[in-house]
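Okay, upload_9.cif now, which holds mmCIF, C-alpha atoms and all ligand atoms:
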data_protein
loop_
_atom_site.label_atom_id
_atom_site.label_comp_id
_atom_site.auth_asym_id
_atom_site.auth_seq_id
_atom_site.Cartn_x
_atom_site.Cartn_y
_atom_site.Cartn_z
CA MET A 1 175.28 -0.27 135.68
CA THR A 2 177.64 -2.92 134.36
CA GLY A 3 179.99 -2.86 137.35
CA GLU A 4 181.55 -6.07 138.67
CA GLY A 5 179.06 -6.53 141.55
CA GLY A 6 177.27 -9.85 141.06
CA ASN A 7 178.88 -10.18 137.65
CA PRO A 8 179.21 -13.89 136.85
CA TRP A 9 181.70 -13.09 134.10
CA ALA A 10 184.09 -11.45 136.57
CA LYS A 11 184.13 -14.68 138.62
CA THR A 12 185.60 -16.62 135.70
CA GLY A 13 188.80 -14.62 136.02
CA LEU A 14 189.07 -15.01 132.25
CA PRO A 15 190.00 -11.80 130.43
CA ARG A 16 187.73 -11.31 127.44
CA SER A 17 190.72 -11.11 125.13
CA GLU A 18 191.47 -14.79 125.89
CA VAL A 19 188.39 -15.93 124.07
CA LEU A 20 188.48 -13.34 121.32
CA LYS A 21 190.53 -13.31 118.17
CA ASP A 22 193.51 -10.94 118.16
CA GLY A 23 192.75 -7.28 117.74
CA ASN A 24 189.23 -5.95 117.40
CA PRO A 25 187.68 -8.52 115.08
CA ALA A 26 184.36 -6.77 114.71
CA GLN A 27 185.79 -3.30 114.20
CA ASP A 28 185.06 -3.15 110.48
CA ALA A 29 181.97 -5.32 110.67
CA PRO A 30 178.48 -3.97 110.01
CA PRO A 31 176.37 -3.20 113.10
CA CYS A 32 174.79 -6.06 115.02
CA ARG A 33 171.01 -5.73 115.42
CA LEU A 34 169.16 -6.40 118.69
CA GLY A 35 165.92 -8.35 118.52
CA VAL A 36 164.03 -8.16 121.82
CA ASN A 37 162.13 -11.32 122.74
CA ILE A 38 159.01 -10.45 124.77
CA ASP A 39 157.84 -14.02 125.55
CA HIS A 40 158.34 -13.71 129.27
CA VAL A 41 156.15 -10.65 129.63
CA ALA A 42 153.42 -13.08 128.55
CA THR A 43 154.68 -15.62 131.12
CA ILE A 44 154.01 -13.07 133.89
CA ARG A 45 150.63 -12.13 132.39
CA ASN A 46 149.57 -15.76 132.17
CA ALA A 47 150.50 -16.41 135.81
CA ARG A 48 147.33 -14.50 136.80
CA GLY A 49 145.19 -15.21 133.78
CA GLY A 50 144.39 -11.54 133.09
CA PRO A 51 145.54 -9.04 130.45
CA HIS A 52 148.44 -7.48 132.42
CA PRO A 53 151.33 -7.10 131.63
CA ASP A 54 150.65 -6.91 127.92
CA PRO A 55 153.51 -8.25 125.75
CA VAL A 56 152.44 -6.03 122.86
CA ARG A 57 152.84 -2.95 125.07
CA ALA A 58 156.32 -4.22 126.01
CA ALA A 59 157.13 -4.73 122.34
CA LYS A 60 156.09 -1.15 121.53
CA LEU A 61 158.23 0.15 124.39
CA ALA A 62 161.15 -1.92 123.09
CA GLU A 63 160.59 -0.39 119.66
CA ALA A 64 160.65 3.11 121.20
CA CYS A 65 163.93 2.25 123.01
CA GLY A 66 165.72 1.29 119.83
CA ALA A 67 165.10 -2.45 119.44
CA ASP A 68 165.72 -3.41 115.82
CA GLY A 69 163.07 -6.11 115.90
CA ILE A 70 160.75 -8.08 118.15
CA THR A 71 160.95 -11.83 118.61
CA ALA A 72 158.09 -13.92 119.96
CA HIS A 73 157.84 -17.70 120.23
CA LEU A 74 154.37 -19.16 119.78
CA ARG A 75 154.89 -22.48 121.54
CA GLU A 76 152.62 -25.38 120.73
CA ASP A 77 151.44 -25.45 124.35
CA ARG A 78 150.86 -21.63 124.35
CA ARG A 79 152.67 -21.35 127.69
CA HIS A 80 153.52 -17.70 127.08
CA ILE A 81 152.73 -16.06 123.71
CA ARG A 82 149.24 -16.76 122.32
CA ASP A 83 147.79 -16.59 118.84
CA GLU A 84 146.14 -13.22 119.46
CA ASP A 85 149.47 -11.76 120.69
CA MET A 86 151.04 -12.70 117.37
CA GLU A 87 148.17 -11.09 115.44
CA ARG A 88 148.46 -7.88 117.45
CA LEU A 89 152.26 -7.79 117.19
CA ARG A 90 151.99 -8.12 113.43
CA ALA A 91 149.35 -5.39 113.22
CA GLU A 92 150.75 -2.89 115.71
CA LEU A 93 154.54 -2.95 115.30
CA SER A 94 156.53 -0.86 112.84
CA ILE A 95 159.76 -2.83 113.31
CA PRO A 96 160.26 -6.40 112.00
CA LEU A 97 158.53 -9.27 113.78
CA ASN A 98 160.52 -12.51 114.09
CA PHE A 99 158.02 -15.36 114.63
CA GLU A 100 159.70 -18.28 116.43
CA MET A 101 157.93 -21.59 116.01
CA ALA A 102 158.25 -25.33 115.61
CA ALA A 103 157.88 -26.46 112.00
CA THR A 104 154.56 -28.21 112.64
CA PRO A 105 151.66 -28.06 110.13
CA GLU A 106 149.60 -25.99 112.62
CA MET A 107 152.36 -23.40 113.15
CA VAL A 108 153.19 -23.16 109.45
CA GLU A 109 149.52 -22.36 108.71
CA ILE A 110 149.47 -19.66 111.43
CA ALA A 111 152.69 -18.11 110.12
CA LEU A 112 151.42 -18.17 106.53
CA ARG A 113 148.35 -16.23 107.71
CA THR A 114 150.35 -13.83 109.92
CA LYS A 115 153.00 -13.08 107.27
CA PRO A 116 155.71 -11.89 109.68
CA HIS A 117 158.94 -10.30 108.47
CA ALA A 118 160.85 -13.38 109.64
CA VAL A 119 160.26 -16.91 110.88
CA CYS A 120 162.77 -18.74 113.03
CA LEU A 121 162.23 -22.50 113.06
CA VAL A 122 163.14 -23.99 116.43
CA PRO A 123 162.96 -27.44 118.02
CA GLU A 124 160.29 -27.92 120.67
CA ARG A 125 159.83 -30.55 123.31
CA ARG A 126 156.62 -30.20 125.29
CA MET A 127 158.17 -30.89 128.71
CA GLU A 128 161.31 -28.78 128.30
CA ARG A 129 161.72 -25.68 130.44
CA THR A 130 163.23 -23.77 127.52
CA THR A 131 164.73 -24.49 124.10
CA GLU A 132 167.52 -26.83 125.10
CA GLY A 133 169.39 -27.17 121.82
CA GLY A 134 169.26 -26.53 118.12
CA LEU A 135 167.24 -28.23 115.40
CA ASP A 136 168.68 -31.52 114.15
CA LEU A 137 168.60 -30.76 110.43
CA THR A 138 169.98 -34.15 109.43
CA THR A 139 166.96 -35.92 110.96
CA HIS A 140 164.31 -33.39 110.02
CA HIS A 141 165.40 -32.04 106.65
CA ALA A 142 162.57 -33.79 104.75
CA SER A 143 159.86 -32.03 106.80
CA LEU A 144 161.74 -28.73 107.00
CA GLU A 145 162.26 -28.30 103.28
CA PRO A 146 158.58 -27.70 102.35
CA ALA A 147 158.06 -25.50 105.43
CA ILE A 148 161.03 -23.31 104.44
CA ARG A 149 159.77 -23.08 100.85
CA ARG A 150 156.17 -22.20 101.77
CA LEU A 151 157.20 -19.58 104.32
CA SER A 152 159.73 -18.04 101.95
CA ASP A 153 157.04 -17.89 99.24
CA VAL A 154 154.98 -15.50 101.40
CA GLY A 155 158.02 -13.27 101.91
CA ALA A 156 159.19 -14.44 105.35
CA ARG A 157 162.95 -14.50 105.93
CA VAL A 158 163.39 -18.01 107.30
CA SER A 159 166.07 -18.82 109.82
CA LEU A 160 167.02 -22.15 111.35
CA PHE A 161 167.90 -22.27 115.05
CA ILE A 162 170.85 -24.66 115.23
CA ASP A 163 173.84 -25.60 117.34
CA PRO A 164 177.21 -24.34 116.06
CA GLU A 165 178.15 -27.67 114.43
CA GLU A 166 179.67 -27.99 110.97
CA GLU A 167 177.22 -30.68 109.80
CA GLN A 168 174.20 -28.62 110.84
CA ILE A 169 175.54 -25.45 109.23
CA ARG A 170 176.27 -27.21 105.92
CA MET A 171 172.81 -28.79 105.99
CA ALA A 172 171.21 -25.39 106.64
CA ALA A 173 172.90 -24.03 103.52
CA GLN A 174 171.66 -27.02 101.50
CA LEU A 175 168.11 -26.51 102.76
CA GLY A 176 168.04 -23.03 101.23
CA ALA A 177 167.21 -20.99 104.34
CA PRO A 178 168.91 -17.59 104.08
CA VAL A 179 169.65 -17.28 107.81
CA ILE A 180 170.79 -19.41 110.74
CA GLU A 181 170.49 -18.48 114.40
CA LEU A 182 173.22 -20.10 116.46
CA HIS A 183 172.04 -21.41 119.83
CA THR A 184 174.21 -19.74 122.49
CA GLY A 185 172.67 -21.63 125.44
CA THR A 186 175.64 -23.93 126.07
CA TYR A 187 178.04 -20.96 125.97
CA ALA A 188 175.76 -19.07 128.41
CA GLU A 189 175.70 -22.04 130.78
CA ALA A 190 179.50 -22.28 130.68
CA ALA A 191 179.73 -18.58 131.56
CA LEU A 192 177.32 -19.00 134.47
CA ALA A 193 179.18 -22.07 135.73
CA THR A 194 182.46 -20.14 135.46
CA ASP A 195 183.84 -23.09 133.53
CA LYS A 196 186.77 -21.58 131.59
CA LYS A 197 187.42 -24.64 129.45
CA ALA A 198 183.79 -25.00 128.39
CA LEU A 199 183.53 -21.24 127.90
CA THR A 200 186.49 -21.18 125.54
CA GLU A 201 185.32 -24.29 123.66
CA THR A 202 181.75 -23.09 123.23
CA HIS A 203 182.88 -19.64 122.15
CA THR A 204 185.31 -21.12 119.63
CA ALA A 205 182.52 -23.29 118.21
CA LEU A 206 180.29 -20.22 117.81
CA ARG A 207 183.05 -18.15 116.21
CA GLU A 208 184.11 -20.88 113.79
CA GLY A 209 180.48 -21.76 113.05
CA ALA A 210 179.70 -18.14 112.23
CA GLU A 211 182.70 -17.94 109.88
CA LEU A 212 181.72 -21.14 108.10
CA ALA A 213 178.09 -20.09 107.78
CA GLU A 214 178.95 -16.72 106.27
CA SER A 215 181.36 -18.39 103.83
CA LEU A 216 178.42 -20.55 102.69
CA GLY A 217 176.29 -17.45 102.07
CA LEU A 218 174.20 -17.64 105.24
CA GLU A 219 173.35 -14.61 107.39
CA VAL A 220 174.28 -15.38 111.00
CA HIS A 221 172.18 -14.58 114.05
CA ALA A 222 172.68 -15.83 117.61
CA GLY A 223 170.71 -16.06 120.81
CA HIS A 224 169.60 -17.85 123.93
CA GLY A 225 170.66 -17.14 127.49
CA LEU A 226 172.53 -13.93 126.63
CA THR A 227 173.05 -11.39 129.43
CA PHE A 228 174.95 -8.15 130.04
CA TRP A 229 177.88 -10.27 131.15
CA ASN A 230 178.18 -12.75 128.33
CA VAL A 231 176.86 -10.79 125.34
CA GLN A 232 180.01 -8.96 124.31
CA ASN A 233 182.05 -11.95 123.20
CA ILE A 234 179.20 -12.98 120.94
CA ALA A 235 178.59 -9.46 119.64
CA ALA A 236 182.32 -9.23 118.88
CA ILE A 237 182.04 -12.08 116.35
CA PRO A 238 182.00 -10.03 113.13
CA GLU A 239 179.77 -12.43 111.19
CA VAL A 240 176.97 -12.17 113.78
CA ARG A 241 174.44 -9.67 112.40
CA GLU A 242 171.61 -10.05 114.90
CA LEU A 243 171.21 -11.11 118.52
CA ASN A 244 167.84 -12.18 119.91
CA ILE A 245 167.63 -11.66 123.65
CA GLY A 246 164.62 -12.05 125.92
CA HIS A 247 164.58 -13.73 129.31
CA PHE A 248 167.46 -11.69 130.78
CA LEU A 249 166.10 -8.36 129.51
CA ILE A 250 162.62 -8.99 130.89
CA GLY A 251 164.11 -10.15 134.22
CA GLU A 252 166.45 -7.17 134.41
CA ALA A 253 163.52 -4.84 133.67
CA VAL A 254 162.35 -5.57 137.24
CA PHE A 255 165.45 -3.77 138.49
CA MET A 256 166.20 -1.08 135.92
CA GLY A 257 163.10 -0.84 133.74
CA LEU A 258 162.71 -2.30 130.27
CA ASP A 259 163.98 0.85 128.60
CA GLY A 260 167.11 0.92 130.79
CA ALA A 261 167.81 -2.78 130.19
CA ILE A 262 167.42 -2.47 126.42
CA ARG A 263 169.54 0.69 126.20
CA GLU A 264 172.31 -0.94 128.27
CA MET A 265 172.24 -4.08 126.10
CA ARG A 266 172.39 -1.99 122.92
CA LYS A 267 175.37 -0.08 124.28
CA LEU A 268 177.23 -3.29 125.22
CA ILE A 269 176.62 -4.72 121.74
CA ALA A 270 177.71 -1.51 120.01
CA ASP A 271 180.83 -1.27 122.20
CA ALA A 272 181.75 -4.89 121.42
CA ARG A 273 181.55 -4.06 117.71
CA THR A 274 184.20 -1.38 118.20
CA GLY A 275 186.40 -3.42 120.54
CA MET A 276 185.40 -1.50 123.67
CA LEU A 277 184.84 -4.55 125.84
CA LEU A 278 183.95 -4.39 129.52
C1 LIG A 301 164.20 -20.42 120.70
C2 LIG A 301 164.52 -19.61 121.87
O1 LIG A 301 165.63 -19.60 122.31
C3 LIG A 301 163.43 -18.79 122.46
O2 LIG A 301 162.25 -19.40 122.24
C4 LIG A 301 163.58 -18.40 123.87
O3 LIG A 301 164.21 -19.40 124.58
C5 LIG A 301 162.31 -18.02 124.56
O4 LIG A 301 161.39 -19.05 124.67
P1 LIG A 301 161.38 -20.13 125.84
O5 LIG A 301 161.83 -19.46 127.08
O6 LIG A 301 159.97 -20.61 125.87
O7 LIG A 301 162.31 -21.22 125.41
N1 LIG A 302 166.12 -17.09 119.94
C1 LIG A 302 166.56 -16.70 121.24
C2 LIG A 302 165.62 -15.74 121.84
O1 LIG A 302 164.72 -15.27 121.21
C3 LIG A 302 165.81 -15.29 123.23
O2 LIG A 302 166.28 -16.27 124.09
P1 LIG A 302 166.40 -15.89 125.65
O3 LIG A 302 167.21 -14.62 125.74
O4 LIG A 302 165.02 -15.68 126.16
O5 LIG A 302 167.11 -17.07 126.26
#

For this file, produce the structure as structure tokens.
Ligand SMILES: CC(=O)[C@@H](O)[C@H](O)COP(=O)(O)O
Ligand SMILES: NCC(=O)COP(=O)(O)O
Amino acid sequence: MTGEGGNPWAKTGLPRSEVLKDGNPAQDAPPCRLGVNIDHVATIRNARGGPHPDPVRAAKLAEACGADGITAHLREDRRHIRDEDMERLRAELSIPLNFEMAATPEMVEIALRTKPHAVCLVPERRMERTTEGGLDLTTHHASLEPAIRRLSDVGARVSLFIDPEEEQIRMAAQLGAPVIELHTGTYAEAALATDKKALTETHTALREGAELAESLGLEVHAGHGLTFWNVQNIAAIPEVRELNIGHFLIGEAVFMGLDGAIREMRKLIADARTGMLL
């Protein structure tokens, strides 16, 4: 299933070892969890205005296929996930729910009521097609601090979705959030564009950022734009403990089913942890 046909990674001509540290860096690392983001099941549902396909059903299927958690982003404009989806996900799932949201007063109140396992604070711009970058913690730390405290007080594990930049990582540690999620979108774009220089630079930034974050006591997650063909170099970063992946898995489900797509992604992540790269 992961042959070279149509594989954008293969077109880079860049052996994976060129962007990895020597040896098998993740060999002795703990496993890397897979959080399945089901937002875009809701995108398809909303295209027709009815109840089908149900993102909660997709989340339960993901759970049955071995997902370690479910991620859902309640956007302010409700373009995909809606309030009632979040309530049902919280009530019906047995695995952890990671509630992605902007740190607005409205969203903080919803999350305090929902009491998810985790909250990932993300930047949001109403007209963007998707989350284009990480939070700017230097600009927003005054508003983020109370949100992090209130959400932590109800037991949510708060993570901050940031770019792999030293200043942002140090600020995340100062803000007292236990987790960061590194935005992998720029790395994913470099892989798609087969831009070797950008690919190496973005991967180095993620690897060094993950090392720094762990040294500061932060748990490191990563996500955005990850696919079968770019996931392994990120999963091979030993400090990365969780990957959140959505759009590609839901798209690939059209071709191989959601269960097949999740199982293949889990295998690629597990193989990367043991140095068995594609
Ligand atoms: C923060 C993030 O990366 C996710 O929210 C993911 O991108 C899915 O949501 P959108 O596609 O609406 O950005
Ligand atoms: N936080 C990233 C996420 O949940 C999934 O992003 P994507 O795979 O949909 O780009």

Kindly work out which residues sit at most 9 Å from ligand LIG 302 (chain A), using all atoms listed in the file, and give the list as a compact mmCIF listing (two decimals) with C-alpha atoms, in the coordinates of the input.
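Contents of the output file selection-v1.txt:
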# COMPACT_ATOMS: atom_id res chain seq x y z
CA GLY A 35 165.92 -8.35 118.52
CA VAL A 36 164.03 -8.16 121.82
CA ASN A 37 162.13 -11.32 122.74
CA ILE A 38 159.01 -10.45 124.77
CA ASP A 39 157.84 -14.02 125.55
CA HIS A 40 158.34 -13.71 129.27
CA ILE A 70 160.75 -8.08 118.15
CA THR A 71 160.95 -11.83 118.61
CA ALA A 72 158.09 -13.92 119.96
CA HIS A 73 157.84 -17.70 120.23
CA ASN A 98 160.52 -12.51 114.09
CA GLU A 100 159.70 -18.28 116.43
CA CYS A 120 162.77 -18.74 113.03
CA VAL A 122 163.14 -23.99 116.43
CA THR A 130 163.23 -23.77 127.52
CA THR A 131 164.73 -24.49 124.10
CA PHE A 161 167.90 -22.27 115.05
CA GLU A 181 170.49 -18.48 114.40
CA LEU A 182 173.22 -20.10 116.46
CA HIS A 183 172.04 -21.41 119.83
CA THR A 184 174.21 -19.74 122.49
CA GLY A 185 172.67 -21.63 125.44
CA HIS A 221 172.18 -14.58 114.05
CA ALA A 222 172.68 -15.83 117.61
CA GLY A 223 170.71 -16.06 120.81
CA HIS A 224 169.60 -17.85 123.93
CA GLY A 225 170.66 -17.14 127.49
CA LEU A 226 172.53 -13.93 126.63
CA THR A 227 173.05 -11.39 129.43
CA LEU A 243 171.21 -11.11 118.52
CA ASN A 244 167.84 -12.18 119.91
CA ILE A 245 167.63 -11.66 123.65
CA GLY A 246 164.62 -12.05 125.92
CA HIS A 247 164.58 -13.73 129.31
CA PHE A 248 167.46 -11.69 130.78
CA LEU A 249 166.10 -8.36 129.51
CA ILE A 250 162.62 -8.99 130.89

Practice problem: Excluding Ile148 (chain A) and any residue of its chain fewer than 2 positions from it, enumerate the residues within 12 Å of it, using all atoms listed in the file, and give them as JSON, numbers by chain. | Solution: {"A": [102, 103, 104, 105, 108, 111, 112, 118, 119, 120, 121, 140, 141, 142, 143, 144, 145, 146, 150, 151, 152, 153, 154, 155, 156, 157, 158, 159, 160, 172, 173, 174, 175, 176, 177, 178, 179]}

Keeping only C-alpha atoms, take the residues you just selected and write them out as a PDB file, in the frame of the given file.
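Just written: out-v7.pdb:
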ATOM      1  CA  ALA A 102     158.250 -25.330 115.610  1.00  0.00           C
ATOM      2  CA  ALA A 103     157.880 -26.460 112.000  1.00  0.00           C
ATOM      3  CA  THR A 104     154.560 -28.210 112.640  1.00  0.00           C
ATOM      4  CA  PRO A 105     151.660 -28.060 110.130  1.00  0.00           C
ATOM      5  CA  VAL A 108     153.190 -23.160 109.450  1.00  0.00           C
ATOM      6  CA  ALA A 111     152.690 -18.110 110.120  1.00  0.00           C
ATOM      7  CA  LEU A 112     151.420 -18.170 106.530  1.00  0.00           C
ATOM      8  CA  ALA A 118     160.850 -13.380 109.640  1.00  0.00           C
ATOM      9  CA  VAL A 119     160.260 -16.910 110.880  1.00  0.00           C
ATOM     10  CA  CYS A 120     162.770 -18.740 113.030  1.00  0.00           C
ATOM     11  CA  LEU A 121     162.230 -22.500 113.060  1.00  0.00           C
ATOM     12  CA  HIS A 140     164.310 -33.390 110.020  1.00  0.00           C
ATOM     13  CA  HIS A 141     165.400 -32.040 106.650  1.00  0.00           C
ATOM     14  CA  ALA A 142     162.570 -33.790 104.750  1.00  0.00           C
ATOM     15  CA  SER A 143     159.860 -32.030 106.800  1.00  0.00           C
ATOM     16  CA  LEU A 144     161.740 -28.730 107.000  1.00  0.00           C
ATOM     17  CA  GLU A 145     162.260 -28.300 103.280  1.00  0.00           C
ATOM     18  CA  PRO A 146     158.580 -27.700 102.350  1.00  0.00           C
ATOM     19  CA  ARG A 150     156.170 -22.200 101.770  1.00  0.00           C
ATOM     20  CA  LEU A 151     157.200 -19.580 104.320  1.00  0.00           C
ATOM     21  CA  SER A 152     159.730 -18.040 101.950  1.00  0.00           C
ATOM     22  CA  ASP A 153     157.040 -17.890  99.240  1.00  0.00           C
ATOM     23  CA  VAL A 154     154.980 -15.500 101.400  1.00  0.00           C
ATOM     24  CA  GLY A 155     158.020 -13.270 101.910  1.00  0.00           C
ATOM     25  CA  ALA A 156     159.190 -14.440 105.350  1.00  0.00           C
ATOM     26  CA  ARG A 157     162.950 -14.500 105.930  1.00  0.00           C
ATOM     27  CA  VAL A 158     163.390 -18.010 107.300  1.00  0.00           C
ATOM     28  CA  SER A 159     166.070 -18.820 109.820  1.00  0.00           C
ATOM     29  CA  LEU A 160     167.020 -22.150 111.350  1.00  0.00           C
ATOM     30  CA  ALA A 172     171.210 -25.390 106.640  1.00  0.00           C
ATOM     31  CA  ALA A 173     172.900 -24.030 103.520  1.00  0.00           C
ATOM     32  CA  GLN A 174     171.660 -27.020 101.500  1.00  0.00           C
ATOM     33  CA  LEU A 175     168.110 -26.510 102.760  1.00  0.00           C
ATOM     34  CA  GLY A 176     168.040 -23.030 101.230  1.00  0.00           C
ATOM     35  CA  ALA A 177     167.210 -20.990 104.340  1.00  0.00           C
ATOM     36  CA  PRO A 178     168.910 -17.590 104.080  1.00  0.00           C
ATOM     37  CA  VAL A 179     169.650 -17.280 107.810  1.00  0.00           C
TER      38      VAL A 179
END

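Between CA of Phe99 (chain A) and CA of Phe255 (chain A) the interatomic distance comes to 27.5 Å.
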
Quiz item: For ligand LIG 301 (chain A), which residue out of A:Glu92, A:Glu106, A:Glu63, A:Glu128 is the nearest one, using all atoms listed in the file?
Solution: A:Glu128

Practice problem: Quick one: everything within 8 Å of Glu219 (chain A), counting only C-alpha atoms, minus sequence neighbours fewer than 5 positions away in the same chain. Send it as a ChimeraX atom specification. | Solution: /A:178-180,213-214,239-241

Practice problem: May I ask for the distance between atom C3 of ligand LIG 301 (chain A) and CA of Ser94 (chain A), given in Å to one decimal place? | Solution: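 It comes out at 21.5 Å.
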
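Across the model, the gap from CA of Glu165 (chain A) to CA of Gly209 (chain A) is 6.5 Å.
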
Quiz item: Which is closest to Arg273 (chain A) among A:Glu242, A:Asp163, A:Glu84, A:Asp54, if we use all atoms listed in the file?
Solution: A:Glu242

Exercise. Rank nothing, just name the residue among A:Thr274, A:Thr114, A:Thr139, A:Thr43 nearest to ligand LIG 301 (chain A), using all atoms listed in the file.
Key: A:Thr43

Determine the axis-aligned bounding box of all atoms of ligand LIG 301 (chain A) present in the file, pad each side by 8 Å, and express its centre and edge lengths in Å to one decimal place as lines of an AutoDock Vina configuration file.
center_x = 162.8
center_y = -19.6
center_z = 123.9
size_x = 21.7
size_y = 19.2
size_z = 22.4
